[in-house]
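Visitor: My structure is below; once you've seen it, I'll send some questions.
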Amino acid sequence: MAHPILAGNSGEKHLLLGNEAIVRGALEAGVNVVTCYPGTPSSEVPDTFHRLKDGSYYFEYSVNEKVAMEVAAGAALGGALTLVTMKHVGVNVAADPLLTMTYTGLPGGLVLLSADDPGCHSSQNEQDNRYYARMANMPCFEPSTAQEAKDMAREALLLARKTQQPVMLRTTTRVNHLRGPVVFDERPKPAEIVEFARNVRRFVPVPAVARARHVELAKAMENIREVAENSPWNTVRGTGRVGIIASGIARSYLADVLAEQGWEDKVSVLDLGMSWPLPLALIEDFLRNVTKVIVIEELEPLLEKDIRALVQERGLGLQVYGKGEYLTIQGEYTTTAIQMALAQHLEAEPVSPVCFEGDADLPVRPPNLCAGCSHRAVYYVVRQIFGDDAYYSSDIGCYTLGLLPPLRMADFLFCMGSSVSSGTGFARSSGKDVVAFIGDSTFFHSGITGLVNAVFNKHDVLVVVLDNGTTAMTGHQLNPGVDAKVLGDACVHLDIESIVRGCGVTEVAKVKPFNLKATTKVFEEMKAKSGVRVIITEEPCILYARRAFKLVRPQAAYVAEQGPETDRVLNDFACPAFYRDDTGVQVDESLCSGCMVCMQISKTFKARKRSA
Amino acid sequence: MDRIRIFMTGVGGQGTLTATTLFARAALEQGLDVVSGEIHGMAQRGGVVESTVLLGGWKSPKISHGEADIVLGFEPLETLRALPYLAKGGSVISNTEPLPPVGVSCGRESYPSMEHISERVKGCSAKCWFLPCRTLGVQAGSVQAGNIVLLGALCASGLSPFGPQALETAIRKYLKPSLVDMNLKAVELGVQALAG
């Protein structure tokens, strides 16, 4: 039976992840093309499209966000109703095409899902991509529930098709990863492909064209402002004299606070679900009926500043409150923060319901390289050989988790693909040895360009491509390096070694990291050389190998002999399957994957058949 | 019905999120208003997993400190860590069998004693229960079934607006057929553990 997201009928109600709801919404708009680069918290959107592929749409994992955006833009120019998905920092990568495609407009219709991450749950920063909606001139929808995620995804696509202007669907982690009931509407046939009409004066933005298109873009946004003025997502409720304007998931927190505290009668609320372009008339009307206004939005004070400007421009004499002691520009909001902030304005007593403050100094539980992860073996060898003499340039992926002791394999990191290029810059200026680590997916994403630059400019760096055969961190998505058998008919496997050599690197070696002796030898040889050197370490991600290749290793490690040598392995290798009890170091057989690296480090570890 | 907020916490790989979704689906099947949330970016790699189920008409999927009517702990240290989320008058159901974090495994940090954990839990909860989920999971057929043992206990505790039967219905409907019997057994063991 087909999955309900594909086959569910109008009126059916299903519990969906916010990201799954976006998929259903896109299908209800008749989406034709979906491109992406996976990134938490967006990944389940493309993963769901990939899993459910039924021939009604084209889907691809693109090599990076810029490419995803360009393929999507081309598809939308060619007449397809198109969705392109990425996390917030991915939009930085895609910003170049994005900021011009709004000038040309895209007749087929394009929606960009930007999944922001307030609180940095799994990201290197917490930038607010509503800035991009403003900078690129894109209408912006901000859902706050699973139902809205579905409905707004559909509405955003339909608006993009109708106006030919790219639209942003901006979510945050809490929306992507909430689950709630979603009532379905009809799923129509895929949208009609719009015939492309050649128009050089629109689609080729040489300076003369771009200047004219900038004027057209401003007109288009003014027209869409009318849509926002009348949007069912922008609504006023309540008749209280204290006004609140809220956007995004903060709308949900606010609704819960008002209901729980019984403050609904004291306030008027303007919900902004379609938050750009601003519905200026609606906001002005709202402001004229309240004595003061509190703006509740996570991250940057964008609405707050716009509303302050509007108050000044229209000569409205009322105070605007926004960012402050409780409603900060950092991190996620909470019901408590909103309650505390509102209490100040409603002359109410804030309630602190906390009954236990928590124990100090509990053992932390940082995310860790898995038991049986081949990256640990590589890092162990590198630490043995280079120690603190080299500096370690890291990148975005599971392998970043090697930053923790005892491996300590990350001294700096900026963004996807930066390890090679920033590693070379660091080596050039500091004169230090640099070992740069990059994963297979990240290599294809934007590591290649750094490598080309390193060869061209005669830099000095040892690059380690940690090839585990999948995009592991975000959930095992396809990339061009994935095993040809797994890729299927629609994709072609690309060989990293050939690419590295093709980029002009002459010192290239490939090694299986679970062979510690061979790995050590390769690293020692490369250490003795200079210039751009690349070692490719090849071993499938253990979780992926279990799933994709049904890998089961019949043997597990155990400790045959206790003593200082065994303790050294525990302390230096620190596999998560190891633990210490009253008798010494032990291996948890249920966690041990049977990689057998520990017994190559020390004879005190041995293998035996699994007990069950 | 009363509005209920349930905070669930465990360690990556324990099936905390599977249990959360199953419970939320069971609630929806019972016609309850439900919203659920999860934070799991890097959790698969042995980190803490936190998830929520809010029943009865909440909009937000998030639970702040002092707001949880129930804390469901899939791992005892994580139960202790999550206690600030518990509301006054709230209840706790927790696994008693530790998964030591790496600092503890290497002997750098020490794991709090079960006596300390249960004392803390008793000190701030109206009702609390402790059960050996890993052992009971193995008894049901697999370590992984330990998560469903805990859900079974929750449904039998009287704190949940629906009982074990609703959970069993959801298991039959939403889990792979090959896993159904083992998880029904897990529910039964959770229910028994709570009664005993």
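A note on labels: chains of the structure tokens are A, B, ... as shown, every chain counts residues from 1, and ligands are counted from 1 in their shown order.
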Give the residues of chain A that lie within 6 Å of chain B; count only C-alpha atoms, and format the answer as a list in words.

Guide: Ser122, His177, Leu178, Arg179, Gly180, Ser252, Tyr253, Pro353, Val354, Cys355, Phe356, Glu357, Gly358, Arg365, Pro366, Pro367, Asn368, Cys370, Tyr579 and Arg580 of chain A

Visitor: Write a file of the just-selected residues containing N, CA, C and O atoms, as a PDB file, in the first residue's frame.

Guide:
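Produced file selection04.pdb, reproduced below:
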```pdb
ATOM      1  N   SER A 122      22.321  21.658  16.066  1.00  0.00           N
ATOM      2  CA  SER A 122      23.235  20.860  15.243  1.00  0.00           C
ATOM      3  C   SER A 122      23.857  21.752  14.171  1.00  0.00           C
ATOM      4  O   SER A 122      23.930  21.350  13.020  1.00  0.00           O
ATOM      5  N   HIS A 177      11.002  19.479  13.523  1.00  0.00           N
ATOM      6  CA  HIS A 177      11.050  18.244  14.307  1.00  0.00           C
ATOM      7  C   HIS A 177       9.916  18.114  15.319  1.00  0.00           C
ATOM      8  O   HIS A 177      10.039  17.399  16.299  1.00  0.00           O
ATOM      9  N   LEU A 178       8.818  18.823  15.098  1.00  0.00           N
ATOM     10  CA  LEU A 178       7.639  18.541  15.913  1.00  0.00           C
ATOM     11  C   LEU A 178       6.786  17.523  15.172  1.00  0.00           C
ATOM     12  O   LEU A 178       6.928  17.321  13.969  1.00  0.00           O
ATOM     13  N   ARG A 179       5.937  16.844  15.912  1.00  0.00           N
ATOM     14  CA  ARG A 179       4.953  15.958  15.298  1.00  0.00           C
ATOM     15  C   ARG A 179       3.574  16.405  15.720  1.00  0.00           C
ATOM     16  O   ARG A 179       3.337  16.647  16.902  1.00  0.00           O
ATOM     17  N   GLY A 180       2.678  16.505  14.758  1.00  0.00           N
ATOM     18  CA  GLY A 180       1.323  16.895  15.106  1.00  0.00           C
ATOM     19  C   GLY A 180       0.348  16.365  14.077  1.00  0.00           C
ATOM     20  O   GLY A 180       0.753  15.905  12.995  1.00  0.00           O
ATOM     21  N   SER A 252       3.240  29.638  18.778  1.00  0.00           N
ATOM     22  CA  SER A 252       2.753  28.501  19.561  1.00  0.00           C
ATOM     23  C   SER A 252       3.042  28.689  21.043  1.00  0.00           C
ATOM     24  O   SER A 252       2.198  28.419  21.893  1.00  0.00           O
ATOM     25  N   TYR A 253       4.267  29.133  21.352  1.00  0.00           N
ATOM     26  CA  TYR A 253       4.613  29.364  22.757  1.00  0.00           C
ATOM     27  C   TYR A 253       3.647  30.391  23.352  1.00  0.00           C
ATOM     28  O   TYR A 253       3.145  30.234  24.469  1.00  0.00           O
ATOM     29  N   PRO A 353       7.477  27.734  38.129  1.00  0.00           N
ATOM     30  CA  PRO A 353       6.962  26.447  38.573  1.00  0.00           C
ATOM     31  C   PRO A 353       8.071  25.444  38.911  1.00  0.00           C
ATOM     32  O   PRO A 353       7.791  24.311  39.246  1.00  0.00           O
ATOM     33  N   VAL A 354       9.322  25.867  38.817  1.00  0.00           N
ATOM     34  CA  VAL A 354      10.411  24.905  38.967  1.00  0.00           C
ATOM     35  C   VAL A 354      10.486  24.386  40.398  1.00  0.00           C
ATOM     36  O   VAL A 354      10.487  25.157  41.351  1.00  0.00           O
ATOM     37  N   CYS A 355      10.510  23.052  40.559  1.00  0.00           N
ATOM     38  CA  CYS A 355      10.543  22.502  41.909  1.00  0.00           C
ATOM     39  C   CYS A 355      11.885  21.875  42.240  1.00  0.00           C
ATOM     40  O   CYS A 355      12.153  21.524  43.363  1.00  0.00           O
ATOM     41  N   PHE A 356      12.760  21.729  41.245  1.00  0.00           N
ATOM     42  CA  PHE A 356      14.087  21.172  41.512  1.00  0.00           C
ATOM     43  C   PHE A 356      15.075  21.829  40.550  1.00  0.00           C
ATOM     44  O   PHE A 356      14.865  21.819  39.344  1.00  0.00           O
ATOM     45  N   GLU A 357      16.084  22.460  41.102  1.00  0.00           N
ATOM     46  CA  GLU A 357      17.008  23.238  40.271  1.00  0.00           C
ATOM     47  C   GLU A 357      17.989  22.359  39.512  1.00  0.00           C
ATOM     48  O   GLU A 357      18.624  22.802  38.569  1.00  0.00           O
ATOM     49  N   GLY A 358      18.150  21.119  39.948  1.00  0.00           N
ATOM     50  CA  GLY A 358      19.061  20.229  39.256  1.00  0.00           C
ATOM     51  C   GLY A 358      20.375  20.074  39.989  1.00  0.00           C
ATOM     52  O   GLY A 358      20.810  20.971  40.702  1.00  0.00           O
ATOM     53  N   ARG A 365      27.271  14.046  28.507  1.00  0.00           N
ATOM     54  CA  ARG A 365      27.143  12.970  27.520  1.00  0.00           C
ATOM     55  C   ARG A 365      27.298  13.588  26.133  1.00  0.00           C
ATOM     56  O   ARG A 365      26.318  13.755  25.407  1.00  0.00           O
ATOM     57  N   PRO A 366      28.536  13.944  25.783  1.00  0.00           N
ATOM     58  CA  PRO A 366      28.722  14.578  24.477  1.00  0.00           C
ATOM     59  C   PRO A 366      28.529  13.562  23.368  1.00  0.00           C
ATOM     60  O   PRO A 366      28.814  12.378  23.563  1.00  0.00           O
ATOM     61  N   PRO A 367      28.026  14.009  22.198  1.00  0.00           N
ATOM     62  CA  PRO A 367      27.968  13.087  21.074  1.00  0.00           C
ATOM     63  C   PRO A 367      29.370  12.607  20.748  1.00  0.00           C
ATOM     64  O   PRO A 367      30.339  13.328  20.953  1.00  0.00           O
ATOM     65  N   ASN A 368      29.476  11.395  20.246  1.00  0.00           N
ATOM     66  CA  ASN A 368      30.757  10.723  20.173  1.00  0.00           C
ATOM     67  C   ASN A 368      30.825   9.934  18.868  1.00  0.00           C
ATOM     68  O   ASN A 368      29.789   9.547  18.331  1.00  0.00           O
ATOM     69  N   CYS A 370      30.872   6.718  16.891  1.00  0.00           N
ATOM     70  CA  CYS A 370      30.276   5.441  17.283  1.00  0.00           C
ATOM     71  C   CYS A 370      31.351   4.377  17.540  1.00  0.00           C
ATOM     72  O   CYS A 370      32.448   4.450  16.995  1.00  0.00           O
ATOM     73  N   TYR A 579      34.287   0.018  28.833  1.00  0.00           N
ATOM     74  CA  TYR A 579      33.879   0.613  30.101  1.00  0.00           C
ATOM     75  C   TYR A 579      34.737   0.028  31.205  1.00  0.00           C
ATOM     76  O   TYR A 579      35.414  -0.987  31.017  1.00  0.00           O
ATOM     77  N   ARG A 580      34.709   0.703  32.327  1.00  0.00           N
ATOM     78  CA  ARG A 580      35.528   0.239  33.444  1.00  0.00           C
ATOM     79  C   ARG A 580      34.599  -0.257  34.542  1.00  0.00           C
ATOM     80  O   ARG A 580      33.621   0.410  34.873  1.00  0.00           O
TER      81      ARG A 580
END
```

Visitor: Name all residues at most 8 Å from Tyr58 (chain A) (count only C-alpha atoms; drop same-chain ones fewer than 4 positions away) and give them as a ChimeraX atom specification.

Guide: /A:32-34

Visitor: Can you tell me, as JSON, numbers by chain, which residues in region 90-168 of chain B count as alpha helix (DSSP H) by DSSP?

Guide: {"B": [102, 103, 104, 105, 114, 115, 116, 117, 118, 119, 120, 121, 122, 123, 124, 133, 134, 135, 136, 137, 138, 139, 140, 146, 147, 148, 149, 150, 151, 152, 153, 154, 155, 156, 164, 165, 166, 167, 168]}

Visitor: Write out as a list in words the residues lying within 10 Å of Leu303 (chain A), counting only C-alpha atoms and excluding same-chain residues fewer than 3 positions away.

Guide: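 Here the answer would be Arg130, Ile245, Ala246, Ser247, Leu272, Ser275, Trp276, Leu278, Val295, Ile296, Glu297, Glu300, Asp306, Ile307, Arg308, Ala309 and Gly322 of chain A.
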
Visitor: Fewer than 4 positions away in the same chain doesn't count, so skip those; otherwise give me all residues within 9 Å of region 393-405 of chain A, counting only C-alpha atoms, as a ChimeraX atom specification.

Guide: /A:124,366-369,375-376,379,409-420,422-423,426,434-439,441-442,466,471-474,572,574 /B:42,45

Visitor: CA of Phe184 (chain A) and CA of Glu12 (chain A), how far apart in Å?

Guide: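 Distance between the two atoms: 5.5 Å.
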
Visitor: Tell me, as a JSON list (two decimals) with N, CA and C atoms, in the first residue's frame, which residues lie within 9 Å of region 59-71 of chain A, counting only C-alpha atoms; anything in the same chain fewer than 2 positions away does not count.

Guide:
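Saved the output as around13.json:
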```
[["chain", "number", "residue", "atom", "x", "y", "z"],
["A", 32, "ASN", "N", 6.78, 19.43, -9.09],
["A", 32, "ASN", "CA", 7.37, 18.66, -10.19],
["A", 32, "ASN", "C", 8.82, 18.27, -9.94],
["A", 33, "VAL", "N", 9.57, 19.17, -9.28],
["A", 33, "VAL", "CA", 11.00, 18.96, -9.11],
["A", 33, "VAL", "C", 11.40, 19.32, -7.69],
["A", 34, "VAL", "N", 12.25, 18.47, -7.07],
["A", 34, "VAL", "CA", 12.77, 18.75, -5.73],
["A", 34, "VAL", "C", 14.28, 18.54, -5.76],
["A", 35, "THR", "N", 15.03, 19.54, -5.32],
["A", 35, "THR", "CA", 16.48, 19.38, -5.17],
["A", 35, "THR", "C", 16.87, 19.78, -3.75],
["A", 36, "CYS", "N", 18.07, 19.38, -3.35],
["A", 36, "CYS", "CA", 18.44, 19.66, -1.95],
["A", 36, "CYS", "C", 19.92, 19.46, -1.74],
["A", 37, "TYR", "N", 20.44, 19.95, -0.64],
["A", 37, "TYR", "CA", 21.58, 19.33, 0.02],
["A", 37, "TYR", "C", 21.10, 19.06, 1.43],
["A", 38, "PRO", "N", 21.30, 17.82, 1.96],
["A", 38, "PRO", "CA", 20.75, 17.52, 3.28],
["A", 38, "PRO", "C", 21.45, 18.33, 4.36],
["A", 46, "PRO", "N", 13.90, 16.19, 2.12],
["A", 46, "PRO", "CA", 14.38, 15.44, 0.95],
["A", 46, "PRO", "C", 14.38, 13.93, 1.17],
["A", 49, "PHE", "N", 10.99, 12.64, 0.33],
["A", 49, "PHE", "CA", 10.79, 12.64, -1.13],
["A", 49, "PHE", "C", 11.56, 11.48, -1.78],
["A", 50, "HIS", "N", 12.78, 11.24, -1.30],
["A", 50, "HIS", "CA", 13.61, 10.18, -1.88],
["A", 50, "HIS", "C", 12.98, 8.81, -1.63],
["A", 53, "LYS", "N", 9.53, 8.29, -3.66],
["A", 53, "LYS", "CA", 9.51, 8.58, -5.10],
["A", 53, "LYS", "C", 8.51, 7.69, -5.86],
["A", 57, "TYR", "N", 7.32, 13.16, -9.53],
["A", 57, "TYR", "CA", 8.23, 14.31, -9.44],
["A", 57, "TYR", "C", 9.66, 13.83, -9.64],
["A", 73, "ALA", "N", 16.52, 26.37, -10.01],
["A", 73, "ALA", "CA", 16.18, 27.58, -10.78],
["A", 73, "ALA", "C", 16.02, 27.26, -12.25],
["A", 74, "GLY", "N", 16.93, 26.42, -12.76],
["A", 74, "GLY", "CA", 16.82, 26.01, -14.16],
["A", 74, "GLY", "C", 15.53, 25.25, -14.41],
["A", 75, "ALA", "N", 15.18, 24.38, -13.46],
["A", 75, "ALA", "CA", 13.94, 23.61, -13.60],
["A", 75, "ALA", "C", 12.72, 24.53, -13.60],
["A", 76, "ALA", "N", 12.75, 25.53, -12.72],
["A", 76, "ALA", "CA", 11.61, 26.45, -12.63],
["A", 76, "ALA", "C", 11.55, 27.36, -13.85],
["A", 84, "VAL", "N", 13.29, 23.58, -3.35],
["A", 84, "VAL", "CA", 14.70, 23.33, -3.05],
["A", 84, "VAL", "C", 14.88, 23.48, -1.55],
["A", 85, "THR", "N", 15.55, 22.48, -0.93],
["A", 85, "THR", "CA", 15.60, 22.46, 0.54],
["A", 85, "THR", "C", 17.04, 22.45, 1.06],
["A", 86, "MET", "N", 17.24, 23.11, 2.18],
["A", 86, "MET", "CA", 18.57, 23.16, 2.80],
["A", 86, "MET", "C", 18.44, 23.73, 4.21],
["A", 90, "GLY", "N", 23.28, 26.53, 4.68],
["A", 90, "GLY", "CA", 23.30, 26.15, 3.28],
["A", 90, "GLY", "C", 22.88, 27.30, 2.38],
["A", 91, "VAL", "N", 22.00, 28.15, 2.87],
["A", 91, "VAL", "CA", 21.55, 29.28, 2.04],
["A", 91, "VAL", "C", 22.72, 30.24, 1.78],
["A", 92, "ASN", "N", 23.68, 30.29, 2.70],
["A", 92, "ASN", "CA", 24.88, 31.11, 2.44],
["A", 92, "ASN", "C", 25.59, 30.60, 1.19],
["A", 93, "VAL", "N", 25.67, 29.27, 1.08],
["A", 93, "VAL", "CA", 26.33, 28.66, -0.08],
["A", 93, "VAL", "C", 25.55, 28.98, -1.35],
["A", 94, "ALA", "N", 24.22, 29.02, -1.22],
["A", 94, "ALA", "CA", 23.35, 29.20, -2.38],
["A", 94, "ALA", "C", 23.01, 30.66, -2.64],
["A", 95, "ALA", "N", 23.57, 31.56, -1.84],
["A", 95, "ALA", "CA", 23.13, 32.96, -1.90],
["A", 95, "ALA", "C", 23.39, 33.60, -3.26],
["A", 96, "ASP", "N", 24.45, 33.18, -3.94],
["A", 96, "ASP", "CA", 24.80, 33.84, -5.20],
["A", 96, "ASP", "C", 23.69, 33.71, -6.24],
["A", 97, "PRO", "N", 23.30, 32.48, -6.62],
["A", 97, "PRO", "CA", 22.18, 32.41, -7.56],
["A", 97, "PRO", "C", 20.88, 32.98, -6.98],
["A", 98, "LEU", "N", 20.69, 32.78, -5.70],
["A", 98, "LEU", "CA", 19.41, 33.19, -5.09],
["A", 98, "LEU", "C", 19.14, 34.68, -5.29],
["A", 112, "LEU", "N", 12.02, 28.05, -1.74],
["A", 112, "LEU", "CA", 13.23, 27.67, -0.99],
["A", 112, "LEU", "C", 12.82, 27.37, 0.44],
["A", 441, "SER", "N", 31.15, 13.24, 1.38],
["A", 441, "SER", "CA", 30.09, 14.13, 0.90],
["A", 441, "SER", "C", 30.57, 15.57, 0.90],
["A", 442, "THR", "N", 31.32, 15.95, 1.92],
["A", 442, "THR", "CA", 31.83, 17.32, 2.03],
["A", 442, "THR", "C", 32.88, 17.59, 0.95],
["A", 444, "PHE", "N", 32.80, 16.36, -2.07],
["A", 444, "PHE", "CA", 32.04, 16.68, -3.28],
["A", 444, "PHE", "C", 31.32, 18.03, -3.15],
["A", 445, "HIS", "N", 30.89, 18.35, -1.91],
["A", 445, "HIS", "CA", 30.16, 19.59, -1.65],
["A", 445, "HIS", "C", 30.98, 20.81, -2.05],
["A", 446, "SER", "N", 32.19, 20.92, -1.48],
["A", 446, "SER", "CA", 33.00, 22.10, -1.78],
["A", 446, "SER", "C", 34.45, 21.92, -1.36],
["A", 477, "GLN", "N", 22.49, 9.95, 3.41],
["A", 477, "GLN", "CA", 21.98, 10.30, 2.08],
["A", 477, "GLN", "C", 23.01, 9.97, 1.00],
["A", 478, "LEU", "N", 22.51, 9.91, -0.23],
["A", 478, "LEU", "CA", 23.37, 9.61, -1.38],
["A", 478, "LEU", "C", 24.30, 10.79, -1.67],
["A", 479, "ASN", "N", 25.52, 10.47, -2.09],
["A", 479, "ASN", "CA", 26.40, 11.47, -2.69],
["A", 479, "ASN", "C", 27.17, 10.76, -3.79],
["A", 480, "PRO", "N", 27.89, 11.50, -4.64],
["A", 480, "PRO", "CA", 28.49, 10.84, -5.81],
["A", 480, "PRO", "C", 29.49, 9.75, -5.45]]
```

Visitor: Residues within 10 Å of region 116-119 of chain A, please, as a ChimeraX atom specification. Count only C-alpha atoms; anything in the same chain fewer than 4 positions from it doesn't count.

Guide: /A:40-42,86-91,123-130,170-176,298-299,329-333

Visitor: Name all residues at most 12 Å from Phe74 (chain B) (count only C-alpha atoms; drop same-chain ones fewer than 4 positions away) and give them as a ChimeraX atom specification.

Guide: /B:7-17,19-20,48-51,78-82,92-99,130-134,137,144-151,153-154

Visitor: Using DSSP secondary structure from the backbone, list all strand (DSSP E or B) positions within region 85-182 of chain B, as an MDAnalysis selection string.

Guide: chainID B and resid 86:95 127:131

Visitor: Could you check which of B:Leu184, B:Ala126, B:Leu136, B:Ala193 is closest to Ser91 (chain B), using only C-alpha atoms?

Guide: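 Of B:Leu184, B:Ala126, B:Leu136, B:Ala193, the one nearest Ser91 (chain B) is B:Ala126, counting only C-alpha atoms.
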